[in-house]
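What follows is the content of structure15.txt (compact mmCIF, C-alpha atoms and all ligand atoms).
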```txt
# COMPACT_ATOMS: atom_id res chain seq x y z
CA MET A 1 8.75 151.58 167.66
CA ARG A 2 10.60 154.31 169.48
CA THR A 3 10.57 157.32 167.15
CA LEU A 4 7.94 159.15 165.12
CA GLU A 5 9.98 158.61 161.94
CA GLU A 6 10.05 154.86 162.49
CA LEU A 7 6.35 154.85 163.28
CA ASP A 8 5.39 157.03 160.31
CA ARG A 9 6.78 154.42 157.92
CA LEU A 10 4.34 151.80 159.17
CA LEU A 11 1.46 153.96 160.32
CA PRO A 12 1.04 157.16 158.35
CA LEU A 13 0.77 159.82 161.05
CA THR A 14 -1.77 162.62 161.28
CA ALA A 15 -0.77 166.28 161.69
CA GLN A 16 -1.64 166.15 165.41
CA GLU A 17 0.50 163.07 165.90
CA LYS A 18 3.42 164.54 163.94
CA SER A 19 3.33 167.66 166.08
CA TRP A 20 3.90 165.78 169.33
CA ILE A 21 6.87 167.38 171.05
CA GLY A 22 8.66 164.46 172.63
CA GLU A 23 11.32 166.48 174.42
CA GLU A 24 8.77 168.32 176.53
CA CYS A 25 7.01 165.17 177.59
CA SER A 26 8.53 162.84 180.12
CA LEU A 27 6.70 159.83 178.74
CA PRO A 28 8.62 158.36 175.81
CA LEU A 29 7.20 156.83 172.67
CA GLY A 30 7.34 153.05 172.69
CA ILE A 31 5.01 150.57 170.99
CA SER A 32 5.64 146.85 170.70
CA ARG A 33 5.42 145.30 167.24
CA TYR A 34 2.65 143.07 168.54
CA TYR A 35 0.49 145.99 169.69
CA LEU A 36 1.24 147.93 166.52
CA GLY A 37 -0.08 144.95 164.58
CA LEU A 38 -3.46 145.30 166.32
CA ILE A 39 -3.92 148.88 165.08
CA ASP A 40 -5.89 149.61 161.92
CA PRO A 41 -3.44 151.83 159.98
CA HIS A 42 -6.25 153.30 157.89
CA ASP A 43 -8.22 154.62 160.86
CA PRO A 44 -6.70 157.72 162.52
CA GLN A 45 -9.31 157.36 165.29
CA ASP A 46 -8.55 153.71 165.98
CA PRO A 47 -9.09 153.22 169.75
CA LEU A 48 -5.87 151.22 170.13
CA ARG A 49 -3.90 153.83 168.21
CA ARG A 50 -5.23 156.60 170.47
CA GLN A 51 -3.83 154.79 173.50
CA VAL A 52 -0.25 154.56 172.26
CA VAL A 53 0.46 157.12 169.54
CA PRO A 54 1.24 160.51 171.11
CA THR A 55 -0.28 163.77 169.91
CA CYS A 56 0.30 167.47 170.47
CA HIS A 57 -2.50 167.36 173.07
CA GLU A 58 0.01 166.03 175.58
CA SER A 59 1.56 169.51 175.72
CA PHE A 60 -1.70 171.10 176.86
CA GLU A 61 -2.29 171.64 180.55
CA GLN A 62 -5.60 172.30 182.24
CA SER A 63 -6.31 173.79 185.64
CA GLY A 64 -6.48 171.26 188.43
CA GLU A 65 -3.91 168.98 186.77
CA SER A 66 -0.66 168.02 188.38
CA GLY A 67 2.36 165.85 187.71
CA ASP A 68 1.58 163.76 190.77
CA PRO A 69 -2.16 163.94 191.49
CA LEU A 70 -2.13 160.90 193.76
CA ALA A 71 0.57 162.47 195.97
CA GLU A 72 2.82 159.47 195.51
CA VAL A 73 6.00 161.48 195.99
CA SER A 74 5.01 162.61 199.47
CA HIS A 75 4.05 159.03 200.37
CA THR A 76 7.37 157.53 199.25
CA MET A 77 8.73 156.05 202.47
CA ALA A 78 11.73 154.18 201.09
CA PRO A 79 13.29 154.28 197.62
CA ARG A 80 10.56 153.43 195.09
CA LEU A 81 8.22 152.34 197.89
CA ILE A 82 4.93 154.22 198.09
CA HIS A 83 2.94 153.67 201.30
CA ARG A 84 -0.31 155.61 200.93
CA TYR A 85 -2.85 153.13 202.31
CA ARG A 86 -2.25 151.52 205.69
CA ASN A 87 -2.47 147.88 204.62
CA ARG A 88 -0.78 147.99 201.24
CA ALA A 89 2.19 149.55 199.49
CA ALA A 90 3.48 149.83 195.93
CA PHE A 91 7.02 149.05 194.83
CA LEU A 92 8.14 150.58 191.53
CA VAL A 93 10.21 147.67 190.25
CA THR A 94 11.17 149.43 187.02
CA ASP A 95 10.16 152.47 185.01
CA THR A 96 10.11 150.55 181.72
CA CYS A 97 7.01 149.30 179.88
CA ALA A 98 6.56 147.08 176.84
CA THR A 99 4.37 149.81 175.37
CA TYR A 100 3.82 153.29 176.79
CA CYS A 101 0.20 154.31 177.30
CA ARG A 102 -0.40 157.96 176.53
CA HIS A 103 -2.90 158.14 179.41
CA CYS A 104 -0.37 156.91 181.99
CA PHE A 105 -1.02 158.54 185.38
CA ARG A 106 2.54 157.91 186.57
CA ARG A 107 4.18 159.66 183.64
CA ARG A 108 6.37 161.66 186.07
CA PHE A 109 8.25 158.38 186.61
CA THR A 110 7.43 156.01 183.76
CA GLY A 111 10.01 155.69 181.01
CA ALA A 112 12.31 158.28 182.57
CA SER A 113 15.37 156.06 182.03
CA GLY A 114 15.64 155.11 185.69
CA GLY A 115 15.51 151.42 184.76
CA LYS A 116 14.98 148.71 187.32
CA ALA A 117 15.36 149.23 191.04
CA THR A 118 18.95 148.89 192.22
CA ALA A 119 20.02 146.30 194.80
CA GLU A 120 20.25 149.08 197.40
CA GLU A 121 16.77 150.42 196.59
CA LEU A 122 15.36 146.91 196.72
CA SER A 123 17.03 146.17 200.03
CA GLN A 124 15.75 149.39 201.67
CA ALA A 125 12.22 148.85 200.37
CA ALA A 126 12.19 145.23 201.59
CA LEU A 127 13.42 146.32 205.04
CA TYR A 128 10.65 148.92 205.25
CA VAL A 129 7.99 146.34 204.38
CA ALA A 130 9.52 143.85 206.83
CA SER A 131 9.26 146.38 209.64
CA HIS A 132 5.70 147.46 208.79
CA LEU A 133 3.60 144.41 209.49
CA GLU A 134 0.44 146.40 208.80
CA ILE A 135 1.35 146.08 205.10
CA LYS A 136 -0.48 142.97 203.96
CA GLU A 137 -0.30 143.48 200.19
CA LEU A 138 2.52 144.73 198.00
CA LEU A 139 1.93 145.96 194.46
CA PHE A 140 4.75 145.22 192.02
CA THR A 141 4.25 148.04 189.58
CA GLY A 142 6.17 150.75 187.80
CA GLY A 143 6.56 150.66 184.80
CA ASP A 144 5.73 147.06 184.12
CA PRO A 145 7.28 144.24 186.19
CA PHE A 146 7.25 141.88 183.21
CA THR A 147 9.80 143.96 181.35
CA LEU A 148 12.28 142.42 183.80
CA SER A 149 13.83 139.04 183.12
CA ASP A 150 12.60 136.07 185.14
CA ILE A 151 15.83 136.13 187.16
CA GLN A 152 15.53 139.83 187.97
CA LEU A 153 11.91 139.45 188.97
CA GLU A 154 12.70 136.41 191.11
CA GLN A 155 15.37 138.36 193.00
CA MET A 156 12.83 141.06 193.79
CA ILE A 157 10.21 138.58 194.95
CA GLN A 158 12.80 136.82 197.14
CA ALA A 159 13.95 140.09 198.67
CA PHE A 160 10.46 140.77 200.03
CA ARG A 161 9.23 137.26 200.71
CA SER A 162 12.43 136.11 202.48
CA MET A 163 11.49 138.58 205.25
CA ARG A 164 7.72 138.53 204.79
CA PRO A 165 6.63 135.10 203.48
CA ASP A 166 3.02 136.11 204.25
CA LEU A 167 3.06 139.12 201.92
CA LEU A 168 0.46 139.00 199.16
CA ILE A 169 1.98 140.33 195.93
CA ARG A 170 -0.09 141.94 193.20
CA LEU A 171 1.58 141.80 189.79
CA CYS A 172 0.32 144.96 188.06
CA THR A 173 0.90 144.69 184.35
CA ARG A 174 -0.25 145.68 180.92
CA THR A 175 2.05 143.13 179.27
CA PRO A 176 -0.68 140.52 178.56
CA ALA A 177 -2.38 143.22 176.45
CA THR A 178 0.68 144.79 174.84
CA PHE A 179 3.38 142.10 174.65
CA PRO A 180 1.79 138.74 175.50
CA GLU A 181 4.66 136.63 174.18
CA ARG A 182 6.64 137.74 177.25
CA ILE A 183 4.36 135.58 179.41
CA THR A 184 5.98 132.17 179.21
CA PRO A 185 5.63 128.83 181.02
CA GLU A 186 9.10 129.47 182.48
CA LEU A 187 7.88 132.71 184.09
CA ILE A 188 4.97 130.87 185.69
CA ILE A 189 7.25 128.06 186.92
CA MET A 190 9.44 130.70 188.58
CA LEU A 191 6.41 132.30 190.28
CA LYS A 192 5.22 128.92 191.52
CA ARG A 193 8.51 128.50 193.38
CA HIS A 194 7.51 131.45 195.57
CA MET A 195 3.92 130.72 196.51
CA SER A 196 4.32 131.11 200.29
CA ALA A 197 1.50 133.66 199.89
CA PRO A 198 -0.76 134.39 196.93
CA PHE A 199 0.15 136.30 193.82
CA TYR A 200 -2.67 138.19 192.13
CA LEU A 201 -2.47 139.30 188.52
CA LEU A 202 -3.78 142.83 187.91
CA THR A 203 -4.14 143.44 184.19
CA GLN A 204 -5.16 146.54 182.25
CA PHE A 205 -7.31 145.76 179.24
CA ASN A 206 -9.05 148.87 177.93
CA HIS A 207 -10.68 147.71 174.72
CA PRO A 208 -12.17 144.40 173.47
CA ARG A 209 -9.74 144.32 170.54
CA GLU A 210 -6.89 143.91 173.01
CA ILE A 211 -8.28 140.47 173.76
CA THR A 212 -6.68 138.23 171.17
CA PRO A 213 -5.64 134.57 171.02
CA GLU A 214 -2.19 135.66 172.24
CA SER A 215 -3.45 137.70 175.20
CA ARG A 216 -5.93 134.94 176.08
CA ALA A 217 -3.10 132.42 176.22
CA ALA A 218 -0.98 134.74 178.37
CA VAL A 219 -3.74 135.23 180.94
CA ALA A 220 -4.59 131.53 180.95
CA LEU A 221 -1.04 130.67 182.01
CA PHE A 222 -1.52 132.63 185.24
CA VAL A 223 -5.04 131.47 185.98
CA ASP A 224 -4.25 127.82 185.25
CA ALA A 225 -1.38 128.11 187.74
CA GLY A 226 -3.79 129.24 190.47
CA ILE A 227 -3.00 132.95 190.20
CA PRO A 228 -6.31 134.87 190.27
CA ALA A 229 -6.67 137.66 187.73
CA LEU A 230 -8.42 141.02 188.06
CA ASN A 231 -8.61 143.81 185.51
CA GLN A 232 -8.45 147.58 185.88
CA THR A 233 -9.81 149.47 182.89
CA VAL A 234 -9.18 153.18 182.46
CA LEU A 235 -12.19 155.03 181.06
CA LEU A 236 -10.78 156.85 178.03
CA ARG A 237 -12.42 159.30 175.67
CA GLY A 238 -12.46 158.02 172.11
CA VAL A 239 -11.27 154.59 173.25
CA ASN A 240 -13.91 152.92 175.40
CA ASP A 241 -16.44 155.60 176.38
CA GLU A 242 -19.35 153.80 174.74
CA VAL A 243 -21.55 151.40 176.67
CA ASP A 244 -21.47 148.70 173.97
CA THR A 245 -17.66 148.72 173.99
CA LEU A 246 -17.47 148.45 177.77
CA GLU A 247 -20.13 145.75 177.90
CA THR A 248 -18.25 143.68 175.31
CA LEU A 249 -14.95 144.19 177.14
CA MET A 250 -16.27 143.21 180.58
CA ASN A 251 -18.00 140.09 179.28
CA ALA A 252 -14.90 139.08 177.34
CA LEU A 253 -12.79 139.47 180.49
CA VAL A 254 -15.09 137.26 182.52
CA ALA A 255 -14.88 134.64 179.75
CA LEU A 256 -11.09 134.81 180.17
CA ARG A 257 -11.53 134.18 183.93
CA VAL A 258 -10.49 137.75 184.69
CA LYS A 259 -12.72 139.60 187.13
CA PRO A 260 -13.39 143.23 186.07
CA TYR A 261 -12.26 145.04 189.21
CA TYR A 262 -12.15 148.78 188.57
CA LEU A 263 -13.26 151.14 185.84
CA PHE A 264 -11.16 154.20 186.60
CA GLN A 265 -12.08 157.77 185.93
CA GLY A 266 -9.00 159.47 184.45
CA ASP A 267 -6.66 161.08 186.95
CA LEU A 268 -5.89 164.81 186.80
CA VAL A 269 -2.46 164.29 185.25
CA HIS A 270 -0.75 166.89 183.05
CA GLY A 271 -1.28 166.29 179.35
CA THR A 272 -4.14 163.78 179.62
CA ALA A 273 -7.23 166.04 179.47
CA HIS A 274 -8.02 164.79 175.96
CA PHE A 275 -8.55 161.32 177.44
CA ARG A 276 -10.77 162.28 180.36
CA VAL A 277 -14.48 161.59 180.09
CA PRO A 278 -16.83 164.11 181.78
CA LEU A 279 -18.02 162.64 185.07
CA GLU A 280 -21.67 162.94 184.14
CA LYS A 281 -21.10 160.74 181.09
CA GLY A 282 -19.04 158.29 183.16
CA MET A 283 -21.84 157.96 185.70
CA ALA A 284 -24.41 157.41 182.94
CA LEU A 285 -22.20 154.66 181.49
CA GLU A 286 -21.90 153.05 184.92
CA ALA A 287 -25.68 153.09 185.40
CA GLU A 288 -26.29 151.48 182.02
CA LEU A 289 -23.59 148.87 182.61
CA ARG A 290 -25.24 147.94 185.90
CA ILE A 291 -28.40 147.08 183.97
CA ARG A 292 -26.59 145.12 181.28
CA LEU A 293 -23.88 143.25 183.22
CA SER A 294 -23.93 140.55 185.87
CA GLY A 295 -22.36 141.32 189.24
CA LEU A 296 -19.41 139.18 188.19
CA ALA A 297 -18.80 141.26 185.09
CA MET A 298 -19.48 144.65 186.68
CA PRO A 299 -16.41 146.69 187.69
CA THR A 300 -16.49 149.39 190.34
CA TYR A 301 -16.43 152.80 188.70
CA ALA A 302 -14.00 154.77 190.87
CA ILE A 303 -11.99 157.94 191.05
CA ASP A 304 -8.62 158.39 192.71
CA LEU A 305 -9.16 161.72 194.43
CA PRO A 306 -6.62 164.50 193.88
CA ASP A 307 -3.94 165.32 196.47
CA GLY A 308 -3.75 161.70 197.57
CA GLY A 309 -7.38 161.58 198.74
CA GLY A 310 -7.61 157.88 197.87
CA LYS A 311 -10.03 155.84 195.77
CA VAL A 312 -13.77 156.26 196.13
CA PRO A 313 -16.54 154.60 194.13
CA ILE A 314 -18.70 156.88 192.01
CA GLY A 315 -21.88 156.28 190.12
CA LYS A 316 -25.60 156.55 190.37
CA ARG A 317 -26.98 156.48 193.91
CA TYR A 318 -29.68 153.90 194.51
CA CYS A 319 -30.51 154.72 198.15
CA GLU A 320 -32.67 157.84 198.41
CA GLY A 321 -33.01 158.01 202.20
CA ARG A 322 -35.93 157.12 204.52
CA ASP A 323 -39.69 157.57 204.17
CA GLU A 324 -42.07 158.83 206.91
CA GLN A 325 -42.18 155.38 208.56
CA GLY A 326 -38.39 155.18 208.67
CA ALA A 327 -38.02 152.57 205.91
CA TRP A 328 -35.18 152.97 203.42
CA ILE A 329 -36.17 153.95 199.90
CA PHE A 330 -34.23 152.60 196.93
CA ARG A 331 -34.44 153.01 193.17
CA THR A 332 -33.91 149.93 191.03
CA PRO A 333 -31.39 150.32 188.16
CA GLU A 334 -34.46 150.76 185.91
CA GLY A 335 -35.73 153.63 188.10
CA GLN A 336 -38.55 151.92 190.03
CA ARG A 337 -39.06 152.59 193.74
CA ARG A 338 -38.56 149.92 196.43
CA ARG A 339 -39.04 150.11 200.22
CA TYR A 340 -36.71 148.32 202.67
CA PRO A 341 -37.62 148.58 206.40
CA ASP A 342 -34.93 147.96 209.03
CA PRO A 343 -35.58 145.09 211.51
CA ASP A 344 -37.54 145.97 214.63
CA LEU A 345 -34.96 145.48 217.42
CA SER A 346 -37.11 146.73 220.31
S1 LIG B 1 1.84 150.02 181.19
FE1 LIG B 1 1.14 151.09 183.05
S2 LIG B 1 2.96 152.19 183.80
FE2 LIG B 1 3.34 151.63 181.65
S3 LIG B 1 2.70 153.39 180.46
FE3 LIG B 1 0.95 151.98 180.56
S4 LIG B 1 -0.24 152.70 182.32
FE4 LIG B 1 1.81 153.63 182.51
```
In structure tokens, write the structure found in this file.
Ligand code: SF4
Amino acid sequence: MRTLEELDRLLPLTAQEKSWIGEECSLPLGISRYYLGLIDPHDPQDPLRRQVVPTCHESFEQSGESGDPLAEVSHTMAPRLIHRYRNRAAFLVTDTCATYCRHCFRRRFTGASGGKATAEELSQAALYVASHLEIKELLFTGGDPFTLSDIQLEQMIQAFRSMRPDLLIRLCTRTPATFPERITPELIIMLKRHMSAPFYLLTQFNHPREITPESRAAVALFVDAGIPALNQTVLLRGVNDEVDTLETLMNALVALRVKPYYLFQGDLVHGTAHFRVPLEKGMALEAELRIRLSGLAMPTYAIDLPDGGGKVPIGKRYCEGRDEQGAWIFRTPEGQRRRYPDPDLS
């Protein structure tokens, strides 16, 4: 689905959805037929619908927002190559996605018709990574790498790994949630030809209803092939900002053999204020999840600080400082007090 008219025929749109002004928004409308089929057409507040159907709220700007809150532009060291953290870099393989998420933090780039990286861009990015041995991990992101064909993706992997066979590659994708039929045995066979270093799958599942027989099968193909899977959920108002929803999602991910990695506070990106959850509520959700979930199922609640400040964990603090004898004082998740003395090293 690429236009409101097309969409309106299958999913009767609300006034707020109809008044989305596409021209003023860099992020296009695009929803796969698969993902559209997961949406309840009779519920205007459907959490899956909120993630992909644009509204007029995208035209609203709030103070503190920016088009590039993570300062990716100023950290672009070669074409499409963002080097913000010393030991890892991100390569924007394409700007295309199988479905465009209205909360996308990289909307300055995503879906802007730039397409896949050119041979020249790829070559320059690979040379940069080859000459910066401090880069241990490379994120294939964008856009979504799995909108490329297997052959295109293989060329990109080869370009980096021919010079850096040790380079760990993270495949950052929402395709298992939005277009799982793209994940085929042939794709996995191609990846297995290039296992000189690990691949990691980084998915983005935001709601338990995104976990379906199809998405389960897609994830299983990676994990069965020895590619570990981690998930990054974005905390989104009206989508997953209820503790029961998050608890169900995290447990379902673990059952899929996907480790919940991050629960992200929304970035300060233009046009996404309607998705951001107040921090106080986010921290309360994190505290309750810590009581309900195992360590395996518990993601790190984190915020990517504005102006490229980097990721930091947020949430309830359990260490309250020292008592009069110098022992550390902690609160249990349930609020009880515990004392932890340091060893006597004298
Ligand atoms: S799949 Fe990722 S890059 Fe694409 S729109 Fe969604 S969040 Fe943005």
Task: Spatial neighbours of Phe160 of chain A, 8 Å, only C-alpha atoms, chain gap at least 5 places, as a list in words - done: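 The residues satisfying every condition are Ala126, Val129, Ala130, Pro165 and Leu167 of chain A.
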Just the selected residues (C-alpha atoms), exported as a short mmCIF file (atom, residue, chain, number, x, y, z; two decimals), in the frame of the given file, please.
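Output saved as result-v3.cif:
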```cif
data_model
loop_
_atom_site.label_atom_id
_atom_site.label_comp_id
_atom_site.auth_asym_id
_atom_site.auth_seq_id
_atom_site.Cartn_x
_atom_site.Cartn_y
_atom_site.Cartn_z
CA ALA A 126 12.19 145.23 201.59
CA VAL A 129 7.99 146.34 204.38
CA ALA A 130 9.52 143.85 206.83
CA PRO A 165 6.63 135.10 203.48
CA LEU A 167 3.06 139.12 201.92
#
```
Open item on the list: With all atoms listed in the file as the counted atoms, please give the residues lying no more than 8 Å from segment 233-248 of chain A, apart from itself and same-chain residues fewer than 2 positions off, as an NGL selection string.
Closed with: :A and (45-48 or 50-51 or 204-208 or 231 or 250-252 or 260 or 262-266 or 274-277 or 282 or 285 or 288-289 or 292-293)
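If you measure from each of A:Val93, A:Leu127, A:Ile169, A:Met77 to ligand LIG 1 (chain B) using only C-alpha atoms and all ligand atoms, the closest one turns out to be A:Val93.
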Open item on the list: Calculated over all atoms listed in the file, which of the candidates A:Pro306, A:Gly111, A:Pro54, A:Pro12 has the smallest distance to ligand LIG 1 (chain B)?
Closed with: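 Under the stated criterion, the closest residue is A:Gly111.
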Task: Pick from A:Phe140, A:Phe199, A:Tyr340, A:Phe105, whichever lies nearest to ligand LIG 1 (chain B) using only C-alpha atoms and all ligand atoms - done: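 The shortest atom-to-atom distance to ligand LIG 1 (chain B) comes from A:Phe105.
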Open item on the list: Using only C-alpha atoms and all ligand atoms, which residues of the polymer chains come no farther than 8 Å from ligand LIG 1 (chain B)? I'd like the answer as a ChimeraX atom specification.
Closed with: /A:27,95-107,110-111,141-144,172-175,204
Kindly assemble as JSON lines a list of the segment 45-85 of chain A residues that lie within 9 Å of segment 309-325 of chain A, each paired with its nearest atom pair and their distance in Å to one decimal, using all atoms listed in the file, sorted first by chain and then by ascending residue number.
```
{"residue": "A:Leu70", "atom": "CA", "partner": "A:Gly309", "partner_atom": "CA", "distance": 7.3}
{"residue": "A:Ala71", "atom": "CA", "partner": "A:Gly309", "partner_atom": "CA", "distance": 8.5}
{"residue": "A:Arg84", "atom": "CA", "partner": "A:Gly310", "partner_atom": "CA", "distance": 8.2}
{"residue": "A:Tyr85", "atom": "CA", "partner": "A:Gly310", "partner_atom": "CA", "distance": 8.1}
```
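Separating atom CA of Arg164 of chain A from atom CA of Ala229 of chain A is a distance of 22.3 Å.
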- [ ] Give me, please, the distance in Å between atom CA of Leu171 of chain A and atom CA of Gly37 of chain A, quoted to one decimal.
- [x]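 These two atoms are separated by 25.5 Å.
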Task: Separation of atom CA of Ile151 of chain A from atom CA of Leu138 of chain A, in Å and rounded to one decimal - done: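 It comes out at 19.2 Å.
Nearest to Asp307 of chain A of all the residues A:Arg33, A:His75, A:Lys281, A:His57 is A:His75, based on only C-alpha atoms.
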Open item on the list: Just want the 6 Å neighbourhood of segment 87-91 of chain A, counted on only C-alpha atoms, with same-chain residues fewer than 5 positions away dropped. Output as number ranges by chain.
Closed with: A: 80-82, 134-140
Task: Test item: residues at most 10 Å from Ser149 of chain A, only C-alpha atoms, excluding those fewer than 4 positions along its chain, as a list of chain:residue names - done: A:Pro145, A:Leu153, A:Glu154, A:Arg182, A:Leu187
- [ ] Please provide the set of residues having any atom within 10 Å of Pro44 of chain A, restricted to all atoms listed in the file, with same-chain residues fewer than 5 positions apart removed, written as a list in words.
- [x] Leu11, Pro12, Leu13, Thr14, Glu17, Ile39, Arg49 and Arg50 of chain A
TODO: Give the answer as one residue: which of A:Pro69, A:Thr203, A:Thr332, A:Met190 has the shortest atom-to-atom distance to Gln232 of chain A, using only C-alpha atoms?
DONE: A:Thr203
Task: Nearest to Ala302 of chain A, chosen from A:Glu286, A:Glu120, A:Glu214, A:Asp68, with all atoms listed in the file counted in the distances - done: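 Using all atoms listed in the file, Ala302 of chain A sits closest to A:Glu286.
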Missing atoms of segment 40-61 of chain A rebuilt to N, CA and C atoms, written as a PDB file, in the coordinates of the input:
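In the end it all went to out-v5.pdb:
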```pdb
ATOM      1  N   ASP A  40      -5.470 149.448 163.312  1.00  0.00           N
ATOM      2  CA  ASP A  40      -5.890 149.610 161.920  1.00  0.00           C
ATOM      3  C   ASP A  40      -5.185 150.852 161.353  1.00  0.00           C
ATOM      4  N   PRO A  41      -4.224 150.675 160.442  1.00  0.00           N
ATOM      5  CA  PRO A  41      -3.440 151.830 159.980  1.00  0.00           C
ATOM      6  C   PRO A  41      -4.256 152.834 159.173  1.00  0.00           C
ATOM      7  N   HIS A  42      -5.437 152.403 158.724  1.00  0.00           N
ATOM      8  CA  HIS A  42      -6.250 153.300 157.890  1.00  0.00           C
ATOM      9  C   HIS A  42      -7.235 154.131 158.715  1.00  0.00           C
ATOM     10  N   ASP A  43      -7.266 153.898 160.021  1.00  0.00           N
ATOM     11  CA  ASP A  43      -8.220 154.620 160.860  1.00  0.00           C
ATOM     12  C   ASP A  43      -7.479 155.516 161.856  1.00  0.00           C
ATOM     13  N   PRO A  44      -7.419 156.815 161.593  1.00  0.00           N
ATOM     14  CA  PRO A  44      -6.700 157.720 162.520  1.00  0.00           C
ATOM     15  C   PRO A  44      -7.344 157.755 163.895  1.00  0.00           C
ATOM     16  N   GLN A  45      -8.619 157.351 163.998  1.00  0.00           N
ATOM     17  CA  GLN A  45      -9.310 157.360 165.290  1.00  0.00           C
ATOM     18  C   GLN A  45      -9.345 155.980 165.935  1.00  0.00           C
ATOM     19  N   ASP A  46      -8.554 155.063 165.430  1.00  0.00           N
ATOM     20  CA  ASP A  46      -8.550 153.710 165.980  1.00  0.00           C
ATOM     21  C   ASP A  46      -8.331 153.771 167.509  1.00  0.00           C
ATOM     22  N   PRO A  47      -9.191 153.097 168.290  1.00  0.00           N
ATOM     23  CA  PRO A  47      -9.090 153.220 169.750  1.00  0.00           C
ATOM     24  C   PRO A  47      -7.773 152.675 170.328  1.00  0.00           C
ATOM     25  N   LEU A  48      -7.154 151.736 169.640  1.00  0.00           N
ATOM     26  CA  LEU A  48      -5.870 151.220 170.130  1.00  0.00           C
ATOM     27  C   LEU A  48      -4.767 152.229 169.800  1.00  0.00           C
ATOM     28  N   ARG A  49      -4.871 152.808 168.622  1.00  0.00           N
ATOM     29  CA  ARG A  49      -3.900 153.830 168.210  1.00  0.00           C
ATOM     30  C   ARG A  49      -3.924 155.012 169.187  1.00  0.00           C
ATOM     31  N   ARG A  50      -5.112 155.450 169.560  1.00  0.00           N
ATOM     32  CA  ARG A  50      -5.230 156.600 170.470  1.00  0.00           C
ATOM     33  C   ARG A  50      -4.509 156.353 171.800  1.00  0.00           C
ATOM     34  N   GLN A  51      -4.450 155.090 172.214  1.00  0.00           N
ATOM     35  CA  GLN A  51      -3.830 154.790 173.500  1.00  0.00           C
ATOM     36  C   GLN A  51      -2.302 154.859 173.474  1.00  0.00           C
ATOM     37  N   VAL A  52      -1.718 154.708 172.288  1.00  0.00           N
ATOM     38  CA  VAL A  52      -0.250 154.560 172.260  1.00  0.00           C
ATOM     39  C   VAL A  52       0.489 155.528 171.358  1.00  0.00           C
ATOM     40  N   VAL A  53      -0.218 156.165 170.425  1.00  0.00           N
ATOM     41  CA  VAL A  53       0.460 157.120 169.540  1.00  0.00           C
ATOM     42  C   VAL A  53       0.264 158.519 170.129  1.00  0.00           C
ATOM     43  N   PRO A  54       1.378 159.199 170.457  1.00  0.00           N
ATOM     44  CA  PRO A  54       1.240 160.510 171.110  1.00  0.00           C
ATOM     45  C   PRO A  54       0.745 161.574 170.142  1.00  0.00           C
ATOM     46  N   THR A  55       0.166 162.623 170.709  1.00  0.00           N
ATOM     47  CA  THR A  55      -0.280 163.770 169.910  1.00  0.00           C
ATOM     48  C   THR A  55       0.152 165.053 170.608  1.00  0.00           C
ATOM     49  N   CYS A  56      -0.059 166.168 169.892  1.00  0.00           N
ATOM     50  CA  CYS A  56       0.300 167.470 170.470  1.00  0.00           C
ATOM     51  C   CYS A  56      -0.541 167.780 171.714  1.00  0.00           C
ATOM     52  N   HIS A  57      -1.660 167.076 171.902  1.00  0.00           N
ATOM     53  CA  HIS A  57      -2.500 167.360 173.070  1.00  0.00           C
ATOM     54  C   HIS A  57      -1.771 167.095 174.389  1.00  0.00           C
ATOM     55  N   GLU A  58      -0.722 166.314 174.340  1.00  0.00           N
ATOM     56  CA  GLU A  58       0.010 166.030 175.580  1.00  0.00           C
ATOM     57  C   GLU A  58       0.748 167.251 176.115  1.00  0.00           C
ATOM     58  N   SER A  59       0.881 168.277 175.261  1.00  0.00           N
ATOM     59  CA  SER A  59       1.560 169.510 175.720  1.00  0.00           C
ATOM     60  C   SER A  59       0.590 170.451 176.406  1.00  0.00           C
ATOM     61  N   PHE A  60      -0.715 170.173 176.301  1.00  0.00           N
ATOM     62  CA  PHE A  60      -1.700 171.100 176.860  1.00  0.00           C
ATOM     63  C   PHE A  60      -1.927 170.773 178.341  1.00  0.00           C
ATOM     64  N   GLU A  61      -1.999 171.830 179.122  1.00  0.00           N
ATOM     65  CA  GLU A  61      -2.290 171.640 180.550  1.00  0.00           C
ATOM     66  C   GLU A  61      -3.589 172.314 180.899  1.00  0.00           C
TER      67      GLU A  61
END
```
